[in-house]
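Dropping upload.cif in here (mmCIF, C-alpha atoms, pLDDT in the B column; chains and numbers go by the auth columns):
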```cif
data_protein
loop_
_atom_site.group_PDB
_atom_site.id
_atom_site.type_symbol
_atom_site.label_atom_id
_atom_site.label_comp_id
_atom_site.label_asym_id
_atom_site.label_seq_id
_atom_site.Cartn_x
_atom_site.Cartn_y
_atom_site.Cartn_z
_atom_site.B_iso_or_equiv
_atom_site.auth_seq_id
_atom_site.auth_asym_id
ATOM 1 C CA MET A 1 -38.244 25.520 124.290 44.00 1 Y
ATOM 2 C CA ALA A 2 -36.310 22.329 123.631 42.00 2 Y
ATOM 3 C CA SER A 3 -36.231 21.211 120.023 43.00 3 Y
ATOM 4 C CA SER A 4 -36.808 17.654 118.909 45.00 4 Y
ATOM 5 C CA PRO A 5 -33.798 15.791 117.556 46.00 5 Y
ATOM 6 C CA ASP A 6 -33.249 15.790 113.817 48.00 6 Y
ATOM 7 C CA VAL A 7 -33.147 12.008 113.644 45.00 7 Y
ATOM 8 C CA PRO A 8 -36.572 10.423 114.397 46.00 8 Y
ATOM 9 C CA SER A 9 -36.974 7.864 117.154 46.00 9 Y
ATOM 10 C CA THR A 10 -36.639 4.229 116.278 47.00 10 Y
ATOM 11 C CA GLY A 11 -39.499 2.965 114.185 48.00 11 Y
ATOM 12 C CA ASN A 12 -41.265 6.329 114.021 48.00 12 Y
ATOM 13 C CA THR A 13 -40.543 7.211 110.384 47.00 13 Y
ATOM 14 C CA PRO A 14 -42.612 8.268 107.388 45.00 14 Y
ATOM 15 C CA GLU A 15 -42.526 4.664 106.250 46.00 15 Y
ATOM 16 C CA ASN A 16 -43.845 3.485 109.664 49.00 16 Y
ATOM 17 C CA PRO A 17 -45.794 6.440 111.091 48.00 17 Y
ATOM 18 C CA GLY A 18 -47.391 4.482 113.896 49.00 18 Y
ATOM 19 C CA GLY A 19 -44.076 3.650 115.450 49.00 19 Y
ATOM 20 C CA ASP A 20 -44.638 -0.121 115.183 49.00 20 Y
ATOM 21 C CA THR A 21 -41.552 -2.247 114.955 46.00 21 Y
ATOM 22 C CA PRO A 22 -41.167 -3.590 111.405 44.00 22 Y
ATOM 23 C CA SER A 23 -41.976 -7.237 111.152 44.00 23 Y
ATOM 24 C CA GLU A 24 -38.991 -7.951 108.994 46.00 24 Y
ATOM 25 C CA ALA A 25 -35.662 -6.421 108.048 44.00 25 Y
ATOM 26 C CA PRO A 26 -35.326 -4.384 104.859 46.00 26 Y
ATOM 27 C CA ASN A 27 -34.554 -6.225 101.671 50.00 27 Y
ATOM 28 C CA ALA A 28 -30.892 -6.511 100.796 45.00 28 Y
ATOM 29 C CA GLY A 29 -31.389 -4.209 97.766 48.00 29 Y
ATOM 30 C CA THR A 30 -32.980 -1.389 99.802 50.00 30 Y
ATOM 31 C CA ALA A 31 -30.677 1.466 100.946 50.00 31 Y
ATOM 32 C CA PRO A 32 -30.683 2.399 104.662 55.00 32 Y
ATOM 33 C CA ARG A 33 -32.931 5.322 105.612 56.00 33 Y
ATOM 34 C CA GLY A 34 -29.917 7.491 106.568 55.00 34 Y
ATOM 35 C CA ALA A 35 -28.431 6.999 103.117 51.00 35 Y
ATOM 36 C CA ARG A 36 -31.736 8.015 101.499 53.00 36 Y
ATOM 37 C CA ARG A 37 -31.837 11.214 103.560 51.00 37 Y
ATOM 38 C CA GLY A 38 -28.253 11.938 102.503 52.00 38 Y
ATOM 39 C CA ARG A 39 -29.144 11.554 98.840 51.00 39 Y
ATOM 40 C CA VAL A 40 -32.169 13.860 99.195 44.00 40 Y
ATOM 41 C CA ARG A 41 -30.039 16.545 100.866 47.00 41 Y
ATOM 42 C CA ALA A 42 -27.403 16.221 98.139 43.00 42 Y
ATOM 43 C CA ARG A 43 -30.084 16.663 95.444 41.00 43 Y
ATOM 44 C CA ARG A 44 -31.436 19.776 97.197 41.00 44 Y
ATOM 45 C CA ALA A 45 -27.934 21.262 97.417 39.00 45 Y
ATOM 46 C CA ALA A 46 -27.371 20.580 93.715 37.00 46 Y
ATOM 47 C CA VAL A 47 -30.656 22.279 92.771 38.00 47 Y
ATOM 48 C CA MET A 48 -29.831 25.334 94.908 38.00 48 Y
ATOM 49 C CA ALA A 49 -26.408 25.620 93.251 38.00 49 Y
ATOM 50 C CA VAL A 50 -27.812 25.696 89.699 38.00 50 Y
ATOM 51 C CA PRO A 51 -28.947 29.382 89.632 39.00 51 Y
ATOM 52 C CA ALA A 52 -25.570 30.634 90.921 37.00 52 Y
ATOM 53 C CA THR A 53 -23.771 28.508 88.340 34.00 53 Y
ATOM 54 C CA LEU A 54 -25.941 29.852 85.524 36.00 54 Y
ATOM 55 C CA VAL A 55 -25.368 33.457 86.628 35.00 55 Y
ATOM 56 C CA ALA A 56 -21.593 32.952 86.760 35.00 56 Y
ATOM 57 C CA ALA A 57 -21.611 31.328 83.322 36.00 57 Y
ATOM 58 C CA GLY A 58 -23.732 34.166 81.921 36.00 58 Y
ATOM 59 C CA LEU A 59 -21.381 36.842 83.292 34.00 59 Y
ATOM 60 C CA ALA A 60 -18.398 35.000 81.799 35.00 60 Y
ATOM 61 C CA VAL A 61 -20.060 34.963 78.369 36.00 61 Y
ATOM 62 C CA LEU A 62 -21.024 38.650 78.576 36.00 62 Y
ATOM 63 C CA THR A 63 -17.504 39.618 79.621 35.00 63 Y
ATOM 64 C CA ALA A 64 -15.989 37.606 76.766 36.00 64 Y
ATOM 65 C CA GLN A 65 -18.312 39.345 74.302 37.00 65 Y
ATOM 66 C CA GLY A 66 -17.544 42.765 75.759 40.00 66 Y
ATOM 67 C CA ALA A 67 -21.217 43.362 76.518 40.00 67 Y
ATOM 68 C CA LEU A 68 -20.703 44.507 80.101 40.00 68 Y
ATOM 69 C CA GLY A 69 -18.411 47.435 79.368 47.00 69 Y
ATOM 70 C CA VAL A 70 -17.591 49.911 82.144 58.00 70 Y
ATOM 71 C CA GLN A 71 -20.057 49.262 84.979 65.00 71 Y
ATOM 72 C CA PHE A 72 -18.586 51.465 87.717 88.00 72 Y
ATOM 73 C CA ALA A 73 -19.798 54.978 88.508 94.00 73 Y
ATOM 74 C CA ILE A 74 -17.198 57.505 87.392 95.00 74 Y
ATOM 75 C CA SER A 75 -15.968 60.214 89.783 95.00 75 Y
ATOM 76 C CA GLY A 76 -16.653 62.954 87.258 95.00 76 Y
ATOM 77 C CA MET A 77 -13.074 64.232 87.594 96.00 77 Y
ATOM 78 C CA PRO A 78 -11.274 64.149 84.222 97.00 78 Y
ATOM 79 C CA PHE A 79 -7.643 63.050 83.994 98.00 79 Y
ATOM 80 C CA THR A 80 -5.017 63.627 81.341 98.00 80 Y
ATOM 81 C CA VAL A 81 -3.092 60.787 79.658 98.00 81 Y
ATOM 82 C CA THR A 82 -0.144 61.298 77.321 98.00 82 Y
ATOM 83 C CA ALA A 83 2.341 59.008 75.586 98.00 83 Y
ATOM 84 C CA THR A 84 5.029 59.656 73.023 98.00 84 Y
ATOM 85 C CA GLU A 85 3.697 56.676 71.070 98.00 85 Y
ATOM 86 C CA LEU A 86 0.873 54.137 71.246 98.00 86 Y
ATOM 87 C CA ASN A 87 0.796 50.991 69.128 98.00 87 Y
ATOM 88 C CA GLY A 88 -2.135 48.593 69.175 98.00 88 Y
ATOM 89 C CA THR A 89 -3.708 45.621 67.445 98.00 89 Y
ATOM 90 C CA GLY A 90 -7.472 45.207 67.329 98.00 90 Y
ATOM 91 C CA PHE A 91 -8.875 48.754 67.513 98.00 91 Y
ATOM 92 C CA GLU A 92 -12.480 49.916 67.974 98.00 92 Y
ATOM 93 C CA GLN A 93 -14.064 53.288 68.698 97.00 93 Y
ATOM 94 C CA PHE A 94 -17.672 54.357 69.380 97.00 94 Y
ATOM 95 C CA GLY A 95 -19.764 56.841 71.367 94.00 95 Y
ATOM 96 C CA ALA A 96 -21.055 56.097 74.869 94.00 96 Y
ATOM 97 C CA LEU A 97 -22.372 57.657 78.078 93.00 97 Y
ATOM 98 C CA ASP A 98 -20.601 57.447 81.451 94.00 98 Y
ATOM 99 C CA ASN A 99 -22.574 57.956 84.656 95.00 99 Y
ATOM 100 C CA MET A 100 -21.505 59.486 87.958 96.00 100 Y
ATOM 101 C CA ALA A 101 -22.653 58.262 91.359 95.00 101 Y
ATOM 102 C CA GLU A 102 -26.032 59.653 92.362 93.00 102 Y
ATOM 103 C CA GLY A 103 -25.645 63.015 94.087 94.00 103 Y
ATOM 104 C CA SER A 104 -22.047 63.492 92.922 96.00 104 Y
ATOM 105 C CA PRO A 105 -20.829 67.067 93.582 95.00 105 Y
ATOM 106 C CA ASN A 106 -19.098 66.924 90.178 95.00 106 Y
ATOM 107 C CA ALA A 107 -22.361 66.488 88.261 94.00 107 Y
ATOM 108 C CA GLY A 108 -23.060 70.223 87.869 92.00 108 Y
ATOM 109 C CA ASP A 109 -25.803 70.724 85.288 92.00 109 Y
ATOM 110 C CA SER A 110 -24.846 67.571 83.357 90.00 110 Y
ATOM 111 C CA GLY A 111 -27.345 65.327 85.137 93.00 111 Y
ATOM 112 C CA GLY A 112 -24.415 63.140 86.180 94.00 112 Y
ATOM 113 C CA GLN A 113 -23.724 61.945 82.644 94.00 113 Y
ATOM 114 C CA VAL A 114 -20.723 62.518 80.384 95.00 114 Y
ATOM 115 C CA LEU A 115 -20.783 61.910 76.635 95.00 115 Y
ATOM 116 C CA VAL A 116 -17.541 60.086 75.773 96.00 116 Y
ATOM 117 C CA VAL A 117 -15.775 58.302 72.947 96.00 117 Y
ATOM 118 C CA THR A 118 -14.827 54.758 73.966 96.00 118 Y
ATOM 119 C CA SER A 119 -11.617 53.455 72.400 97.00 119 Y
ATOM 120 C CA ALA A 120 -10.944 49.734 72.770 97.00 120 Y
ATOM 121 C CA ILE A 121 -7.624 48.060 71.913 98.00 121 Y
ATOM 122 C CA LYS A 122 -7.054 44.325 72.192 98.00 122 Y
ATOM 123 C CA ASN A 123 -3.280 44.611 72.731 98.00 123 Y
ATOM 124 C CA ALA A 124 -1.458 47.910 73.255 98.00 124 Y
ATOM 125 C CA THR A 125 2.023 49.227 74.027 98.00 125 Y
ATOM 126 C CA LEU A 126 2.701 52.782 75.188 98.00 126 Y
ATOM 127 C CA THR A 127 6.001 54.654 75.412 98.00 127 Y
ATOM 128 C CA LYS A 128 6.587 57.203 78.191 98.00 128 Y
ATOM 129 C CA LEU A 129 3.088 57.060 79.659 98.00 129 Y
ATOM 130 C CA CYS A 130 2.014 59.992 81.831 98.00 130 Y
ATOM 131 C CA GLN A 131 -1.266 60.370 83.735 98.00 131 Y
ATOM 132 C CA SER A 132 -2.274 63.337 85.860 98.00 132 Y
ATOM 133 C CA VAL A 133 -5.333 64.386 87.855 97.00 133 Y
ATOM 134 C CA ASP A 134 -5.871 68.033 88.848 96.00 134 Y
ATOM 135 C CA LEU A 135 -6.819 67.976 92.545 95.00 135 Y
ATOM 136 C CA GLY A 136 -7.089 71.756 92.817 91.00 136 Y
ATOM 137 C CA GLY A 137 -3.768 73.388 93.595 90.00 137 Y
ATOM 138 C CA THR A 138 -1.756 70.194 93.016 96.00 138 Y
ATOM 139 C CA ASN A 139 -1.662 67.289 90.601 97.00 139 Y
ATOM 140 C CA LEU A 140 -1.470 63.560 91.233 97.00 140 Y
ATOM 141 C CA LEU A 141 1.114 62.461 88.668 97.00 141 Y
ATOM 142 C CA ILE A 142 1.812 58.901 87.474 97.00 142 Y
ATOM 143 C CA THR A 143 4.569 58.014 84.978 98.00 143 Y
ATOM 144 C CA ALA A 144 5.754 54.673 83.592 98.00 144 Y
ATOM 145 C CA GLY A 145 7.443 53.113 80.575 97.00 145 Y
ATOM 146 C CA GLY A 146 10.171 55.737 80.315 94.00 146 Y
ATOM 147 C CA GLY A 147 13.004 53.197 80.053 93.00 147 Y
ATOM 148 C CA ALA A 148 13.747 50.333 77.703 93.00 148 Y
ATOM 149 C CA GLU A 149 10.579 48.456 78.711 96.00 149 Y
ATOM 150 C CA LYS A 150 7.254 49.878 77.503 97.00 150 Y
ATOM 151 C CA VAL A 151 3.846 49.921 79.173 98.00 151 Y
ATOM 152 C CA THR A 152 1.685 47.039 77.921 98.00 152 Y
ATOM 153 C CA ALA A 153 -2.051 46.476 78.197 98.00 153 Y
ATOM 154 C CA LYS A 154 -4.553 43.835 77.107 97.00 154 Y
ATOM 155 C CA ASP A 155 -8.254 44.551 76.550 96.00 155 Y
ATOM 156 C CA LEU A 156 -7.636 48.259 77.121 97.00 156 Y
ATOM 157 C CA THR A 157 -10.576 50.689 76.992 96.00 157 Y
ATOM 158 C CA THR A 158 -10.540 54.444 77.532 96.00 158 Y
ATOM 159 C CA ASP A 159 -13.541 56.788 77.767 96.00 159 Y
ATOM 160 C CA SER A 160 -12.413 60.170 76.456 97.00 160 Y
ATOM 161 C CA THR A 161 -13.853 63.592 75.769 97.00 161 Y
ATOM 162 C CA GLU A 162 -10.732 64.708 73.858 97.00 162 Y
ATOM 163 C CA LEU A 163 -8.068 62.795 71.920 97.00 163 Y
ATOM 164 C CA SER A 164 -5.252 64.165 69.766 98.00 164 Y
ATOM 165 C CA GLY A 165 -2.083 62.940 68.063 98.00 165 Y
ATOM 166 C CA ASP A 166 -0.726 61.747 64.728 98.00 166 Y
ATOM 167 C CA ALA A 167 -2.672 58.572 63.905 98.00 167 Y
ATOM 168 C CA ALA A 168 -2.279 55.784 61.355 98.00 168 Y
ATOM 169 C CA PHE A 169 -4.544 52.751 60.854 98.00 169 Y
ATOM 170 C CA ASP A 170 -4.407 49.493 58.900 98.00 170 Y
ATOM 171 C CA ASN A 171 -7.591 48.144 57.277 98.00 171 Y
ATOM 172 C CA ILE A 172 -9.863 50.718 58.874 98.00 172 Y
ATOM 173 C CA GLU A 173 -13.658 50.493 58.618 98.00 173 Y
ATOM 174 C CA ILE A 174 -15.627 53.701 59.273 97.00 174 Y
ATOM 175 C CA GLY A 175 -19.378 53.901 59.830 97.00 175 Y
ATOM 176 C CA ASN A 176 -20.001 50.480 61.369 96.00 176 Y
ATOM 177 C CA ASP A 177 -22.914 49.921 63.725 97.00 177 Y
ATOM 178 C CA ALA A 178 -21.245 49.726 67.143 96.00 178 Y
ATOM 179 C CA SER A 179 -23.104 46.508 67.995 96.00 179 Y
ATOM 180 C CA THR A 180 -21.357 44.678 65.124 97.00 180 Y
ATOM 181 C CA LEU A 181 -17.716 45.442 66.007 97.00 181 Y
ATOM 182 C CA THR A 182 -15.296 42.496 65.963 97.00 182 Y
ATOM 183 C CA LYS A 183 -11.688 43.739 66.162 97.00 183 Y
ATOM 184 C CA ALA A 184 -11.232 44.227 69.943 97.00 184 Y
ATOM 185 C CA GLY A 185 -13.932 41.947 71.337 94.00 185 Y
ATOM 186 C CA VAL A 186 -16.084 44.864 72.572 94.00 186 Y
ATOM 187 C CA LYS A 187 -19.543 45.689 71.243 93.00 187 Y
ATOM 188 C CA GLY A 188 -21.102 49.127 71.623 93.00 188 Y
ATOM 189 C CA PRO A 189 -24.771 50.158 71.649 92.00 189 Y
ATOM 190 C CA ILE A 190 -26.879 49.276 68.606 95.00 190 Y
ATOM 191 C CA GLY A 191 -27.477 52.170 66.220 95.00 191 Y
ATOM 192 C CA VAL A 192 -24.340 54.051 67.303 95.00 192 Y
ATOM 193 C CA PHE A 193 -21.719 55.196 64.781 96.00 193 Y
ATOM 194 C CA SER A 194 -18.324 53.506 65.152 97.00 194 Y
ATOM 195 C CA GLN A 195 -15.094 52.551 63.448 98.00 195 Y
ATOM 196 C CA GLN A 196 -12.554 49.732 63.751 98.00 196 Y
ATOM 197 C CA ALA A 197 -9.155 48.740 62.360 98.00 197 Y
ATOM 198 C CA ASP A 198 -6.670 45.887 62.461 98.00 198 Y
ATOM 199 C CA THR A 199 -3.923 48.120 63.903 98.00 199 Y
ATOM 200 C CA VAL A 200 -3.528 51.651 65.256 98.00 200 Y
ATOM 201 C CA ARG A 201 -0.486 53.859 65.823 98.00 201 Y
ATOM 202 C CA ILE A 202 -0.752 57.262 67.502 98.00 202 Y
ATOM 203 C CA ALA A 203 2.322 59.442 67.990 98.00 203 Y
ATOM 204 C CA HIS A 204 2.224 62.309 70.519 98.00 204 Y
ATOM 205 C CA LEU A 205 -0.957 60.895 72.090 98.00 205 Y
ATOM 206 C CA ARG A 206 -2.942 63.171 74.396 98.00 206 Y
ATOM 207 C CA GLN A 207 -6.300 62.276 75.950 98.00 207 Y
ATOM 208 C CA THR A 208 -8.763 63.741 78.418 98.00 208 Y
ATOM 209 C CA ASN A 209 -10.311 60.658 80.016 98.00 209 Y
ATOM 210 C CA TYR A 210 -13.045 59.873 82.506 97.00 210 Y
ATOM 211 C CA ALA A 211 -12.475 56.109 82.772 96.00 211 Y
ATOM 212 C CA THR A 212 -9.912 53.475 81.831 96.00 212 Y
ATOM 213 C CA THR A 213 -10.133 49.692 82.143 95.00 213 Y
ATOM 214 C CA ALA A 214 -7.778 46.879 81.164 96.00 214 Y
ATOM 215 C CA GLY A 215 -7.694 43.117 81.532 95.00 215 Y
ATOM 216 C CA VAL A 216 -3.919 43.325 82.125 96.00 216 Y
ATOM 217 C CA PHE A 217 -1.954 46.556 82.662 97.00 217 Y
ATOM 218 C CA LYS A 218 1.834 46.417 83.164 98.00 218 Y
ATOM 219 C CA LEU A 219 3.642 49.631 84.104 97.00 219 Y
ATOM 220 C CA PRO A 220 7.443 49.218 84.299 98.00 220 Y
ATOM 221 C CA GLY A 221 9.245 52.005 86.142 97.00 221 Y
ATOM 222 C CA LEU A 222 6.035 53.203 87.790 97.00 222 Y
ATOM 223 C CA LYS A 223 6.318 56.481 89.744 97.00 223 Y
ATOM 224 C CA LEU A 224 3.455 58.155 91.632 97.00 224 Y
ATOM 225 C CA ARG A 225 3.862 61.597 93.182 97.00 225 Y
ATOM 226 C CA PHE A 226 2.299 65.016 93.667 97.00 226 Y
ATOM 227 C CA SER A 227 3.406 67.772 91.313 96.00 227 Y
ATOM 228 C CA ASP A 228 2.752 71.453 90.635 95.00 228 Y
ATOM 229 C CA SER A 229 2.192 70.601 86.949 93.00 229 Y
ATOM 230 C CA GLY A 230 0.354 67.834 85.127 95.00 230 Y
ATOM 231 C CA CYS A 231 1.193 65.899 81.966 96.00 231 Y
#
```

Once more with this new file: its structure as structure tokens, please.
Amino acid sequence: MASSPDVPSTGNTPENPGGDTPSEAPNAGTAPRGARRGRVRARRAAVMAVPATLVAAGLAVLTAQGALGVQFAISGMPFTVTATELNGTGFEQFGALDNMAEGSPNAGDSGGQVLVVTSAIKNATLTKLCQSVDLGGTNLLITAGGGAEKVTAKDLTTDSTELSGDAAFDNIEIGNDASTLTKAGVKGPIGVFSQQADTVRIAHLRQTNYATTAGVFKLPGLKLRFSDSGC
């Protein structure tokens, strides 16, 4: 079926529904009908764009406040991270739950959830970083920062089930409500025990992690390979 043209025939407009020819030309101050239609379409486009703009602005605010946290489904495969030394400014730590994808074969009897300790550091440097994942019979091994240049990270978070090393803190606060943390820009769940400090130093760091995120992560001297042994 043929469709009618978008532009109405001459004289047959909402202002002149009968199709009669106007008796006189529009006043000099009146905009042409085509210009009016253009303005209406522009207004509609602006109104449709408002919700998307508000959503984007809201996500930016939530990210800045650290309210989003880790949103991806974890694999459920733990990985080991070691470093001879970690130094950081703006440190926070609190309990959290990580979730696996629905139906994950790694869920076992856990219900697909892993209880973790989230450590957040605003700015961190790591010396001789090593990360390994046991793939069953072989390990995926990643190393970096073994030379003069160290690994650096901004807005670093790790979700761990085990953490060990020789630690030192400056101006530490223990027992905070996780929703009130201020040192690293991340807020945990309300009612959850937490701690924070101005600085953190951990020598001989060793972690068992399920997730890691960072705003910026620089790994000088990066090497990735398969190995018979992990970190």

(request) May I ask for the distance between atom CA of Asn209 of chain Y and atom CA of Ala184 of chain Y, given in Å to one decimal place? (result)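 Between atom CA of Asn209 of chain Y and atom CA of Ala184 of chain Y the gap is 19.3 Å.
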
(request) Any chance you could resolve the PyMOL selection byres ((chain Y and resi 86) around 8) against this file and give the residues as JSON, numbers by chain? (result) {"Y": [83, 84, 85, 87, 88, 124, 125, 126, 127, 200, 201, 202, 203, 205]}

C-alpha atoms of the current selection, written as a PDB file, keeping the file's coordinate frame:
```
ATOM      1  CA  ALA Y  83       2.341  59.008  75.586  1.00 98.00           C
ATOM      2  CA  THR Y  84       5.029  59.656  73.023  1.00 98.00           C
ATOM      3  CA  GLU Y  85       3.697  56.676  71.070  1.00 98.00           C
ATOM      4  CA  ASN Y  87       0.796  50.991  69.128  1.00 98.00           C
ATOM      5  CA  GLY Y  88      -2.135  48.593  69.175  1.00 98.00           C
ATOM      6  CA  ALA Y 124      -1.458  47.910  73.255  1.00 98.00           C
ATOM      7  CA  THR Y 125       2.023  49.227  74.027  1.00 98.00           C
ATOM      8  CA  LEU Y 126       2.701  52.782  75.188  1.00 98.00           C
ATOM      9  CA  THR Y 127       6.001  54.654  75.412  1.00 98.00           C
ATOM     10  CA  VAL Y 200      -3.528  51.651  65.256  1.00 98.00           C
ATOM     11  CA  ARG Y 201      -0.486  53.859  65.823  1.00 98.00           C
ATOM     12  CA  ILE Y 202      -0.752  57.262  67.502  1.00 98.00           C
ATOM     13  CA  ALA Y 203       2.322  59.442  67.990  1.00 98.00           C
ATOM     14  CA  LEU Y 205      -0.957  60.895  72.090  1.00 98.00           C
TER      15      LEU Y 205
END
```

(message) Would you pick out the contacts of Ala96 of chain Y at 8 Å or less, using all atoms listed in the file, so that residues sharing its chain but fewer than 5 positions from it are not included, and give the list as a ChimeraX atom specification?
(response) /Y:115-118,188-189

(request) Could you tell me which of Y:Gly221, Y:Gly95, Y:Gly230, Y:Gly165 comes closest to Thr80 of chain Y if we count all atoms listed in the file? (result) Y:Gly230

(request) Give me the result of the PyMOL selection byres ((chain Y and resi 101) around 9) on this file, residue by residue, as an MDAnalysis selection string. (result) chainID Y and resid 72:76 99:100 102:104 107 112

(message) What does the structure give for the distance between atom CA of Glu162 of chain Y and atom CA of Ala148 of chain Y, in Å to one decimal?
(response)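 Going from atom CA of Glu162 of chain Y over to atom CA of Ala148 of chain Y, I get 28.6 Å.
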